[in-house]
Amino acid sequence: MGLSESLDEARQMIVQKANSAIINLTTIANSQSLEMNEVASRLQDVREDLACDTFKLIVVGRFKTGKSSLLNALLGPPLQAQPELQNKGPMPVDDLPTTATLTSIEYSEQPYVRVWYTDENREPEYWSLERYLRDAVVRDDEEETKQFFENIRQFELGYPAKLCKSVTLLDSPGTSDMPLRTKWTREAVRRCDAAIVLYRSDVLAGEDERNFAKEVLVGGTRVFTLINLWNGKKPDERLRAFAWNRLVAGDNGGEKYNGQDFTAHDIYFIDALKAEQGKFSGNHQLIEESGLTFFESRLAEFLLQEKFQTHIETFVRRADNLAVQIEEAIETRCYGLQQTAEKLAQTYETIKPKLEEVKKRKDKLSKIFDRYESQCQTELQLSFSRMINALREDLPNLLKARPLESLQGLGGTIKGHFSQKAACEEATNICESIITSHIEAWAENPSSKEGVQRTLEPILQRLYDEITEEVAKIETNLQDIRFQMTDWQPGINAPKSTTSLIERILCAGAGLALGDVTLIFGGAGGLRGLLGSLGGAFVAGIGIGIAAIMGAPITFPAVVIAAIIGSLTGSMTATRAGLEGRIKEKVLELAQEKLQNIPQLATENVTKEVRKTFEQLKSLIVNEVSFAIRQEEEKIQKMLEDNQRSLEDKQHLLASLMDTKQEIVTQRKVFNDIRVWVQQLG
């Protein structure tokens with residue numbers, strides 16, 4: 001059974017079982033007797049999210065490693081013929097480099113291409129598949145490529161491939177010369193279940209190529225390494241020894257090659273071109289010979305045994321949590337139906353002040369987030385300014401230490417007087433490189449060095465402590481209200497179905513951190529673990545926000561270079577050092593002016609990224625707390641209303657609610673059966 005068949009079969013079985021249970025629970029929540037419409041809406045959201053959930057795989061590699069051919073082979077022929085493709089895959093394949101920016105391939109019965117721009121306020125644009133095949137490729141001229149794609153963040157390709165019903169494939173740009181794209185690729189890897197790194201057999205995994213792969217891969221991501229057999233190359237012992245010694249022994253300090261099993265390190269040999277040809281001609285022997293069949297089986301094994309449980313548990317846990325909330329509401333109302341109106345009314349008057357206190361504490365949560373958001377913005381801006389000021393002091397010596405190769409030797413000196421443009425361009429490129437590397441380092445440094453992480457860690461730690469403490473107090477107050485209204489006592493007669501507020505927040509947050517097994521399976525770190533997971537993405541987001549300023553603010557366009565050349569004076573007898581010094585002096589003068597303005601330019605990016613992430617955190621926690629408070633109020637109101645019924649109506653409603661509770665138990669058993677089945681699959 002192929003990759004798409006294995007994944008689709010397992011997924012369809014789970015979706016069908018879960019759908020039935022979720023639909024039944026939604027009907028119960030929406031029923032006239034319960035009217036838990038918000039819970040019903042959330043159940044519908046879970047159902048829709050489960051239906052469109054897919055594994056995410058990204059293919060990483062430098063230009064011309066065969067990524068497009070591999071992706072086409074994995075996708076295979078479309079379920080409906082596409083005349084524009086002429087029996088080929090949707091990823092452009094050429095003798096020259098093709099992939100220019102990150103591209104996601106998702107399932108759609110009708111092909112479409114959506115273009116996402118770097119400006120988040122700009123609406124995405126739709127292209128035809130024909131235009132995508134023509135325009136979404138690297139140009140012959142590097143500058144033309146940069147200009148055309150500089151405002152495009154990502155392509156989203158809808159394609160009717162069977163695999164895409166279960167897997168979203170991402171094709172990464174095969175270049176590391178644009179820092180922002182590298183960062184976007186790294187963030188895409190963070191959201192993926194696995195990464196496939198592709199190398200060519202004829203120029204196998206050079207140091208620069210391996211460094212590029214390491215640069216975009218995120219710690220903890222499962223990596224499958226493919227060696228693409230170029231020009232029909234066979235994986236003979238010589239190639240195997242070379243590959244092992246470079247990729248395993250060389251990088252990891254392991255033993256030299258002596259016939260070891262490559263698959264133990266998730267390294268596979270594959271002929272991507274042969275695999276692509278086999279898939280689109282229906283030649284199964286060719287596919288088998290290419291090595292694709294074996295690799296697909298190992299990939300399916302990994303996804304089903306190691307990742308499937310994480311994906312399914314995310315949705316089953318959310319649905320089961322909502323089922324528990326329906327149970328709690330039923331149990332509360334059943335208790336209320338059996339009490340006197342006087343007792344309920346008295347108890348309600350007693351707990352009113354506590355409800356008001358809980359609401360005030362909820363409002364306090366928003367203020368806590370706002371306060372720490374302001375602190376993060378201020379401290380990041382100060383840290384960035386310190387880094388830029390230090391760079392301004394160091395830049396003269398850093399630039400002086402880098403000789404201009406275009407002026408080296410007697411010929412270079414003489415040539416420099418007649419063609420100073422090359423020397424000026426080289427000097428500006430060196431200056432840009434120095435500035436860019438310092439900004440990148442600040443955005444990516446570990447906490448032991450000056451940068452985003454060191455600045456944010458203590459602030460976020462204080463935020464986690466304060467939010468955790470406040471949520472715990474709100475939860476305690478809600479439990480006191482519930483226990484007082486129902487005479488329940490913690491640990492004695494409290495219902496087993498009761499869920500904690502922390503648990504509910506974790507369920508809501510697990511979808512934001514899919515792939516974090518610790519969060520999804522019990523949340524070992526509790527609320528702190530959730531905030532920490534999202535905080536890691538926060539640090540990365542700030543880095544990307546800073547990277548966005550590394551374009552126009554520090555580049556030196558042609559008019560600036562012309563101005564430098566025009567300002568240079570001297571004679572044919574001037575020494576190379578003198579000419580080089582004057583060029584660097586002019587470049588440095590302009591660079592210092594630009595550096596002076598960069599902190600102000602960075603402020604907007606920092607503010608935007610900090611606000612975006614704090615809004616996400618605040619919305620998640622405050623919304624879940626608000627929902628819990630609303631539910632508690634609604635249950636109390638329903639108890640009071642129920643108690644006003646006639647004795648006959650009370651008895652009828654009580655019997656109906658007990659039957660409904662039993663139905664919920666039945667549906668929750670379905671969720672448990674799904675968990676058991678997925679665990680057995682693993």
# chains A, B, ... in the order shown; residues from 1 in each chain; ligands from 1
$ select_by_dssp --residues "region 181-372 of chain A" --states "strand (DSSP E)" --output "list of chain:residue names"
A:Ala194, A:Ala195, A:Ile196, A:Val197, A:Leu198, A:Tyr199, A:Arg200, A:Arg222, A:Val223, A:Phe224, A:Thr225, A:Leu226, A:Ile227, A:Asn228, A:Ile267, A:Tyr268, A:Phe269, A:Ile270
$ residues_around --residues "Asn19 (chain A)" --least-positions-apart "2" --cutoff "12 Å" --atoms "only C-alpha atoms" --output "PyMOL selection string"
chain A and resi 11-17+21-26+43-51+315-316+319+667+670-671+674
$ closest_residue --among "A:Glu466, A:Glu440, A:Glu106, A:Glu289" --to "Thr168 (chain A)" --atoms "only C-alpha atoms"
A:Glu106
$ residues_around --residues "Lys162 (chain A)" --least-positions-apart "5" --cutoff "8 Å" --atoms "only C-alpha atoms" --output "MDAnalysis selection string"
chainID A and resid 4 75 78:79 107
$ residues_around --residues "Asn477 (chain A)" --least-positions-apart "4" --cutoff "7 Å" --atoms "only C-alpha atoms" --output "JSON list (two decimals) with C-alpha atoms, in the first residue's frame"
[["chain", "number", "residue", "atom", "x", "y", "z"],
["A", 354, "LYS", "CA", -17.79, 35.70, 44.49],
["A", 358, "VAL", "CA", -14.12, 36.31, 39.52],
["A", 473, "LYS", "CA", -7.08, 31.91, 41.85],
["A", 481, "ILE", "CA", -18.97, 28.70, 43.67]]
$ residues_around --residues "region 400-405 of chain A" --least-positions-apart "5" --cutoff "9 Å" --atoms "only C-alpha atoms" --output "mmCIF file with N, CA and C atoms, in the first residue's frame"
data_model
loop_
_atom_site.group_PDB
_atom_site.id
_atom_site.type_symbol
_atom_site.label_atom_id
_atom_site.label_comp_id
_atom_site.auth_asym_id
_atom_site.auth_seq_id
_atom_site.Cartn_x
_atom_site.Cartn_y
_atom_site.Cartn_z
ATOM 1 N N LEU A 395 32.246 49.193 13.410
ATOM 2 C CA LEU A 395 32.191 49.070 11.958
ATOM 3 C C LEU A 395 33.459 49.549 11.245
ATOM 4 N N GLY A 412 44.892 44.965 -10.378
ATOM 5 C CA GLY A 412 43.692 45.459 -9.727
ATOM 6 C C GLY A 412 43.794 46.921 -9.393
ATOM 7 N N ALA A 423 34.880 48.010 -7.348
ATOM 8 C CA ALA A 423 35.438 48.154 -6.003
ATOM 9 C C ALA A 423 34.406 48.757 -5.052
ATOM 10 N N GLU A 426 31.826 46.117 -4.215
ATOM 11 C CA GLU A 426 32.379 45.135 -3.286
ATOM 12 C C GLU A 426 32.405 45.699 -1.868
ATOM 13 N N ALA A 427 32.818 46.959 -1.732
ATOM 14 C CA ALA A 427 32.882 47.579 -0.407
ATOM 15 C C ALA A 427 31.494 47.695 0.218
ATOM 16 N N ILE A 430 30.337 44.251 1.358
ATOM 17 C CA ILE A 430 30.978 43.857 2.615
ATOM 18 C C ILE A 430 30.308 44.564 3.785
ATOM 19 N N GLU A 580 41.615 52.269 -1.923
ATOM 20 C CA GLU A 580 40.747 51.408 -1.125
ATOM 21 C C GLU A 580 40.268 52.142 0.125
ATOM 22 N N GLY A 581 41.166 52.887 0.750
ATOM 23 C CA GLY A 581 40.804 53.633 1.950
ATOM 24 C C GLY A 581 39.737 54.670 1.686
ATOM 25 N N LYS A 584 36.323 52.921 1.102
ATOM 26 C CA LYS A 584 35.744 52.460 2.362
ATOM 27 C C LYS A 584 35.277 53.628 3.220
#
$ closest_atom_pairs --of "region 60-177 of chain A" --to "region 192-203 of chain A" --cutoff "7 Å" --atoms "only C-alpha atoms" --output "JSON lines"
{"residue": "A:Val60", "atom": "CA", "partner": "A:Val197", "partner_atom": "CA", "distance": 4.8}
{"residue": "A:Gly61", "atom": "CA", "partner": "A:Leu198", "partner_atom": "CA", "distance": 5.3}
{"residue": "A:Thr65", "atom": "CA", "partner": "A:Arg200", "partner_atom": "CA", "distance": 5.3}
{"residue": "A:Lys67", "atom": "CA", "partner": "A:Leu198", "partner_atom": "CA", "distance": 6.9}
$ write_last_selection --atoms "N, CA and C atoms" --output "compact mmCIF listing (two decimals), in the first residue's frame"
# COMPACT_ATOMS: atom_id res chain seq x y z
N VAL A 60 13.59 20.33 1.97
CA VAL A 60 14.63 21.34 2.12
C VAL A 60 15.84 20.94 1.29
N GLY A 61 16.47 21.90 0.63
CA GLY A 61 17.69 21.64 -0.13
C GLY A 61 18.09 22.85 -0.94
N THR A 65 18.78 20.42 -6.58
CA THR A 65 19.00 19.10 -5.98
C THR A 65 17.92 18.11 -6.41
N LYS A 67 14.41 18.89 -5.90
CA LYS A 67 13.26 19.00 -4.99
C LYS A 67 11.94 18.95 -5.76
$ closest_residue --among "A:Pro173, A:Pro90, A:Pro124, A:Pro446" --to "Phe280 (chain A)" --atoms "only C-alpha atoms"
A:Pro90
$ atom_distance --atom1 "CA of Arg186 (chain A)" --atom2 "CA of Val167 (chain A)"
18.9 Å
$ select_by_dssp --residues "region 70-133 of chain A" --states "alpha helix (DSSP H)" --output "ChimeraX atom specification"
/A:70-75,129-133
$ write_last_selection --atoms "N, CA and C atoms" --output "PDB file, in the first residue's frame"
ATOM      1  N   LEU A  70      11.122  15.464  -6.889  1.00  0.00           N
ATOM      2  CA  LEU A  70      10.718  14.642  -5.746  1.00  0.00           C
ATOM      3  C   LEU A  70       9.281  14.962  -5.339  1.00  0.00           C
ATOM      4  N   LEU A  71       8.955  16.245  -5.260  1.00  0.00           N
ATOM      5  CA  LEU A  71       7.595  16.639  -4.874  1.00  0.00           C
ATOM      6  C   LEU A  71       6.574  16.133  -5.880  1.00  0.00           C
ATOM      7  N   ASN A  72       6.889  16.258  -7.155  1.00  0.00           N
ATOM      8  CA  ASN A  72       5.980  15.750  -8.188  1.00  0.00           C
ATOM      9  C   ASN A  72       5.775  14.250  -8.043  1.00  0.00           C
ATOM     10  N   ALA A  73       6.861  13.533  -7.722  1.00  0.00           N
ATOM     11  CA  ALA A  73       6.766  12.083  -7.558  1.00  0.00           C
ATOM     12  C   ALA A  73       5.907  11.733  -6.340  1.00  0.00           C
ATOM     13  N   LEU A  74       6.086  12.456  -5.246  1.00  0.00           N
ATOM     14  CA  LEU A  74       5.278  12.202  -4.051  1.00  0.00           C
ATOM     15  C   LEU A  74       3.800  12.494  -4.312  1.00  0.00           C
ATOM     16  N   LEU A  75       3.532  13.577  -5.037  1.00  0.00           N
ATOM     17  CA  LEU A  75       2.146  13.967  -5.333  1.00  0.00           C
ATOM     18  C   LEU A  75       1.483  12.990  -6.293  1.00  0.00           C
ATOM     19  N   LEU A 129      -3.157  28.417 -12.624  1.00  0.00           N
ATOM     20  CA  LEU A 129      -2.077  27.438 -12.590  1.00  0.00           C
ATOM     21  C   LEU A 129      -1.086  27.703 -13.723  1.00  0.00           C
ATOM     22  N   GLU A 130      -1.607  28.129 -14.862  1.00  0.00           N
ATOM     23  CA  GLU A 130      -0.744  28.429 -16.012  1.00  0.00           C
ATOM     24  C   GLU A 130       0.233  29.560 -15.681  1.00  0.00           C
ATOM     25  N   ARG A 131      -0.266  30.607 -15.015  1.00  0.00           N
ATOM     26  CA  ARG A 131       0.624  31.713 -14.658  1.00  0.00           C
ATOM     27  C   ARG A 131       1.655  31.267 -13.627  1.00  0.00           C
ATOM     28  N   TYR A 132       1.235  30.439 -12.682  1.00  0.00           N
ATOM     29  CA  TYR A 132       2.175  29.947 -11.675  1.00  0.00           C
ATOM     30  C   TYR A 132       3.317  29.184 -12.328  1.00  0.00           C
ATOM     31  N   LEU A 133       2.993  28.296 -13.243  1.00  0.00           N
ATOM     32  CA  LEU A 133       4.022  27.510 -13.919  1.00  0.00           C
ATOM     33  C   LEU A 133       4.972  28.399 -14.715  1.00  0.00           C
TER      34      LEU A 133
END
$ residues_around --residues "Arg361 (chain A)" --least-positions-apart "2" --cutoff "12 Å" --atoms "only C-alpha atoms" --output "ChimeraX atom specification"
/A:354-359,363-368,467,469-478,622,625-626,629
$ write_last_selection --atoms "C-alpha atoms" --output "short mmCIF file (atom, residue, chain, number, x, y, z; two decimals), in the first residue's frame"
data_model
loop_
_atom_site.label_atom_id
_atom_site.label_comp_id
_atom_site.auth_asym_id
_atom_site.auth_seq_id
_atom_site.Cartn_x
_atom_site.Cartn_y
_atom_site.Cartn_z
CA LYS A 354 -17.79 35.70 44.49
CA LEU A 355 -19.02 35.80 40.89
CA GLU A 356 -18.30 39.52 40.73
CA GLU A 357 -14.85 38.94 42.18
CA VAL A 358 -14.12 36.31 39.52
CA LYS A 359 -15.14 38.72 36.76
CA ASP A 363 -10.35 41.69 33.64
CA LYS A 364 -7.08 41.80 35.55
CA LEU A 365 -5.66 39.17 33.19
CA SER A 366 -5.93 41.56 30.23
CA LYS A 367 -4.16 44.29 32.17
CA ILE A 368 -1.33 41.91 33.08
CA ILE A 467 -0.68 34.66 34.80
CA GLU A 469 -1.10 32.52 39.77
CA GLU A 470 -4.08 34.57 38.60
CA VAL A 471 -5.65 31.70 36.64
CA ALA A 472 -5.22 29.41 39.64
CA LYS A 473 -7.08 31.91 41.85
CA ILE A 474 -9.91 32.22 39.31
CA GLU A 475 -10.16 28.44 39.13
CA THR A 476 -10.32 28.16 42.92
CA ASN A 477 -13.10 30.76 43.07
CA LEU A 478 -15.11 29.00 40.35
CA VAL A 622 -8.82 35.44 28.54
CA VAL A 625 -11.50 32.05 31.30
CA SER A 626 -14.44 34.18 30.13
CA ILE A 629 -17.27 32.09 33.87
#
$ closest_residue --among "A:Cys376, A:Ala390, A:Leu169, A:Ile583" --to "Glu425 (chain A)" --atoms "only C-alpha atoms"
A:Ile583
